[in-house]
2 protein chains.
Amino acid sequence: MELPEIVILSRQMDEALRDKTVARLEVANPKCLNMPLDEFRSALVGRTVEAVEPRGKWVFISLDGGLTLLYNTGMGADTLYFKSEAEAPEKYHQKVVFSDGSGFTVRVYWFSYLHLVHKDRLGEHRLTAGIGPSPLDPAFTLSRFRELLDGKRRAVKGLLTDQRVLAGIGNVYIHDPLFLAGVHPLRKANTLTDAETGKLYDSIRMVLNESLEAGGLAYERNFYGEMGGYGKGSYRVAYKEGEPCPVCGTAIEKIRMGSTSSYVCPRCQPLPREETFP
Amino acid sequence: MELPEIVILSRQMDEALRDKTVARLEVANPKCLNMPLDEFRSALVGRTVEAVEPRGKWVFISLDGGLTLLYNTGMGADTLYFKSEAEAPEKYHQKVVFSDGSGFTVRVYWFSYLHLVHKDRLGEHRLTAGIGPSPLDPAFTLSRFRELLDGKRRAVKGLLTDQRVLAGIGNVYIHDPLFLAGVHPLRKANTLTDAETGKLYDSIRMVLNESLEAGGLAYERNFYGEMGGYGKGSYRVAYKEGEPCPVCGTAIEKIRMGSTSSYVCPRCQPLPREETFP
DNA sequence: TAATCTAACAACGA
DNA sequence: CTCGTTGTTAGATT
């Protein structure tokens with residue numbers, strides 16, 4: 001789950017959980033916690049949800065008493081609301097029950113994090129303390145975006161999916177903005193022209209907003225179990241290996257970058273020769 | 001300069017400089033210092049040498065008042081004694097003059113370090129605090145050597161030239177011990193057999209001792225300007241690209257590993273197929 | 001020929 | 001689709 005899904009989930013959790021008090025907690029995979037389960041439980045039970053907010057790929061759940069529950073869905077997790085335990089999903093790794101009988105379950109696909117940190121110590125929480133700005137924040141202007149790229153010799157894809165640089169973009173939402181800007185993912189960030197940087201800025205925000213309006217990725221469920229509407233029909237080149245580029249018709253290529261893949265139109269996103277053999 | 005040259009230099013400096021008091025200091029390249037030159041000078045002048053000892057690729061010069069002068073010759077430097085300034089070399093980057101008129105000059109080839117640290121703060125000196133054991137220390141037993149390799153998935157050459165793991169071996173003295181042990185430099189450390197580890201341990205110590213007895217590398221000068229006697233005739237495969245292996249006659253190959261080169265006999269130091277394509 | 005640091009990248013494990 | 005650790009590499013440094 002990336003920015004749009006986390007934003008949607010956070011909104012729904014905020015509306016559904018605000019002012020509710022934790023009554024009970026089950027955790028089948030205590031390794032995802034940042035402290036022993038019994039300690040975690042006794043700190044959490046009795047706390048009341050004050051607000052739920054997105055922060056990059058994380059959900060920040062503010063509780064009374066100054067505690068914050070930090071939730072990262074890892075490589076995907078179903079986070080599902082229930083009105084009463086009778087209608088709760090059968091399979092889950094974590095379950096939080098509130099005093100009114102409602103609650104939510106988390107079913108993890110691979111790994112996830114559920115950390116409890118006092119808000120005065122958030123700065124010491126290494127996984128979230130260094131998170132960069134959100135690309136949809138009104139304060140995130142083009143000139144701030146330029147500063148991120150400025151002088152960086154890294155591959156632009158690696159830079160923009162680095163959560164310390166920009167929050168919320170992972171290996172799903174990076175492909176289409178790069179394509180729309182005509183920028184190859186391996187281009188060094190400091191070699192982009194002003195025009196390319198501007199197009200990339202616009203494309204990132206456009207694509208994320210599109211998905212947000214569509215309800216997020218088609219293969220992810222929201223808090224109420226509904227799938228999003230942003231699927232393959234919405235993609236330009238992402239996950240379209242071998243299909244024609246929507247602009248020039250050239251076959252989309254899938255290239256490996258370390259452990260992740262990228263999808264590019266080799267014609268619309270050319271890689272300068274000197275970066276092919278650096 | 002690596003372990004043998006540093007050991008020889010330290011011995012000679014210890015004998016020549018012990019009990020002498022620093023009277024004057026010239027530094028043409030103050031960036032090699034760990035503080036501004038005037039501060040460095042006022043701390044050093046007036047100090048008396050208590051002892052000089054080798055530590056990996058570093059020379060530790062203990063002074064009275066608890067100060068230690070840490071000297072690293074970088075990629076090679078001439079460190080030359082003079083009895084009186086009249087006979088001092090003309091070209092140098094640093095000059096230390098003692099109260100009796102003797103002293104030494106340093107002429108750097110590329111980079112070097114000359115750091116002044118209080119002995120109570122040596123643990124905070126990042127460049128030396130983590131230095132590993134000396135392979136010629138009597139306490140450095142075969143079983144300690146096995147522990148260094150144990151479970152490490154790194155290439156054995158990179159591991160053994162890592163100063164935090166083992167002190168004093170750089171890209172000159174690593175080639176022949178690996179050859180004598182029949183171990184390819186790219187072998188993962190944890191794949192060595194007990195027999196190979198034993199041969200490697202013996203070879204490292206043998207090669208370093210041979211060079212020590214020969215006066216160090218033939219292209220390096222000692223404190224009195226004399227060249228060492230350990231030259232190409234002493235090497236087995238090091239820097240012998242294209243020449244026949246002394247054991248099997250196969251042509252020695254020069255291979256690149258990152259930014260350094262290695263010299264190997266492809267027959268005596270085979271690389272298992274799975275490590276060729278990891 | 002030789003040293004070290006750093007940023008960036010890759011592989012692996014959890 | 002995650003993040004963190006470990007190890008590797010290229011580039012820079014006076």
# chains A, B, ... in the order shown; residues from 1 in each chain; ligands from 1
call {"tool": "interface_residues", "arguments": {"of": "chain D", "to": "chain A", "cutoff": "12 Å", "atoms": "only C-alpha atoms (C1' of nucleotides)", "output": "number ranges by chain"}}
result
D: 1-4, 10-11
call {"tool": "write_last_selection", "arguments": {"atoms": "N, CA and C atoms (P, O5', C5', C4', C3', O3' and C1' of nucleotides)", "output": "CSV table (one decimal), in the first residue's frame"}}
result
chain,number,residue,atom,x,y,z
D,1,DC,P,7.0,-4.4,-7.3
D,1,DC,O5',6.0,-3.9,-6.1
D,1,DC,C5',6.6,-3.7,-4.9
D,1,DC,C4',5.5,-3.0,-4.1
D,1,DC,C3',6.0,-3.0,-2.6
D,1,DC,O3',6.0,-1.6,-2.2
D,1,DC,C1',3.8,-3.9,-2.9
D,2,DT,P,7.5,-1.1,-1.6
D,2,DT,O5',7.2,-0.8,0.0
D,2,DT,C5',6.2,-1.4,0.7
D,2,DT,C4',6.6,-1.7,2.1
D,2,DT,C3',8.0,-1.2,2.5
D,2,DT,O3',7.8,0.0,3.2
D,2,DT,C1',7.8,-3.5,3.1
D,3,DC,P,9.0,1.0,3.4
D,3,DC,O5',9.9,0.3,4.5
D,3,DC,C5',9.5,0.2,5.8
D,3,DC,C4',10.6,-0.7,6.6
D,3,DC,C3',11.9,0.0,6.7
D,3,DC,O3',12.3,0.1,8.0
D,3,DC,C1',12.1,-2.3,5.9
D,4,DG,P,13.6,0.8,8.4
D,4,DG,O5',14.7,-0.3,8.7
D,4,DG,C5',14.4,-1.3,9.7
D,4,DG,C4',15.5,-2.3,9.6
D,4,DG,C3',16.9,-1.7,9.7
D,4,DG,O3',17.7,-2.3,10.7
D,4,DG,C1',16.7,-3.2,7.8
D,10,DA,P,32.6,-0.8,-9.9
D,10,DA,O5',32.3,0.8,-9.8
D,10,DA,C5',31.0,1.3,-9.8
D,10,DA,C4',30.9,2.7,-9.5
D,10,DA,C3',32.0,3.5,-10.2
D,10,DA,O3',31.5,4.8,-10.7
D,10,DA,C1',32.2,3.8,-7.9
D,11,DG,P,32.4,5.8,-11.4
D,11,DG,O5',32.7,6.9,-10.3
D,11,DG,C5',31.6,7.4,-9.5
D,11,DG,C4',32.1,8.5,-8.5
D,11,DG,C3',33.2,9.3,-9.1
D,11,DG,O3',32.9,10.7,-8.8
D,11,DG,C1',33.8,8.3,-7.0
call {"tool": "interface_residues", "arguments": {"of": "chain C", "to": "chain B", "cutoff": "10 Å", "atoms": "only C-alpha atoms (C1' of nucleotides)", "output": "number ranges by chain"}}
result
C: 1-5, 11
call {"tool": "select_by_dssp", "arguments": {"residues": "range 44-201 of chain B", "states": "alpha helix (DSSP H)", "output": "ChimeraX atom specification"}}
result
/B:44,126-129,142-149,156-160,175-181,194-201
call {"tool": "residues_around", "arguments": {"residues": "DC9 in chain C", "least_positions_apart": "2", "cutoff": "9 Å", "atoms": "only C-alpha atoms (C1' of nucleotides)", "output": "PyMOL selection string"}}
result
(chain A and resi 258) or (chain D and resi 8-9)
call {"tool": "write_last_selection", "arguments": {"atoms": "C-alpha atoms (C1' of nucleotides)", "output": "mmCIF file, in the first residue's frame"}}
result
data_model
loop_
_atom_site.group_PDB
_atom_site.id
_atom_site.type_symbol
_atom_site.label_atom_id
_atom_site.label_comp_id
_atom_site.auth_asym_id
_atom_site.auth_seq_id
_atom_site.Cartn_x
_atom_site.Cartn_y
_atom_site.Cartn_z
ATOM 1 C CA GLY A 258 18.217 -4.575 -8.138
ATOM 2 C "C1'" DT D 8 29.922 -4.335 -2.696
ATOM 3 C "C1'" DT D 9 31.181 -0.681 -5.836
#
call {"tool": "residues_around", "arguments": {"residues": "range 207-214 of chain B", "least_positions_apart": "3", "cutoff": "6 Å", "atoms": "only C-alpha atoms (C1' of nucleotides)", "output": "list in words"}}
result
Pro4, Ser203, Ile204, Gly229 and Tyr230 of chain B
call {"tool": "write_last_selection", "arguments": {"atoms": "N, CA and C atoms", "output": "compact mmCIF listing (two decimals), in the first residue's frame"}}
result
# COMPACT_ATOMS: atom_id res chain seq x y z
N PRO B 4 54.55 -4.81 7.36
CA PRO B 4 56.00 -4.89 7.56
C PRO B 4 56.68 -3.51 7.53
N SER B 203 50.17 -18.85 5.79
CA SER B 203 50.75 -18.10 4.67
C SER B 203 50.81 -16.61 4.96
N ILE B 204 49.76 -16.11 5.57
CA ILE B 204 49.75 -14.68 5.92
C ILE B 204 50.94 -14.36 6.80
N GLY B 229 64.07 -4.87 0.81
CA GLY B 229 64.58 -5.91 -0.06
C GLY B 229 63.51 -6.86 -0.57
N TYR B 230 62.24 -6.55 -0.27
CA TYR B 230 61.15 -7.46 -0.66
C TYR B 230 60.55 -6.94 -1.96
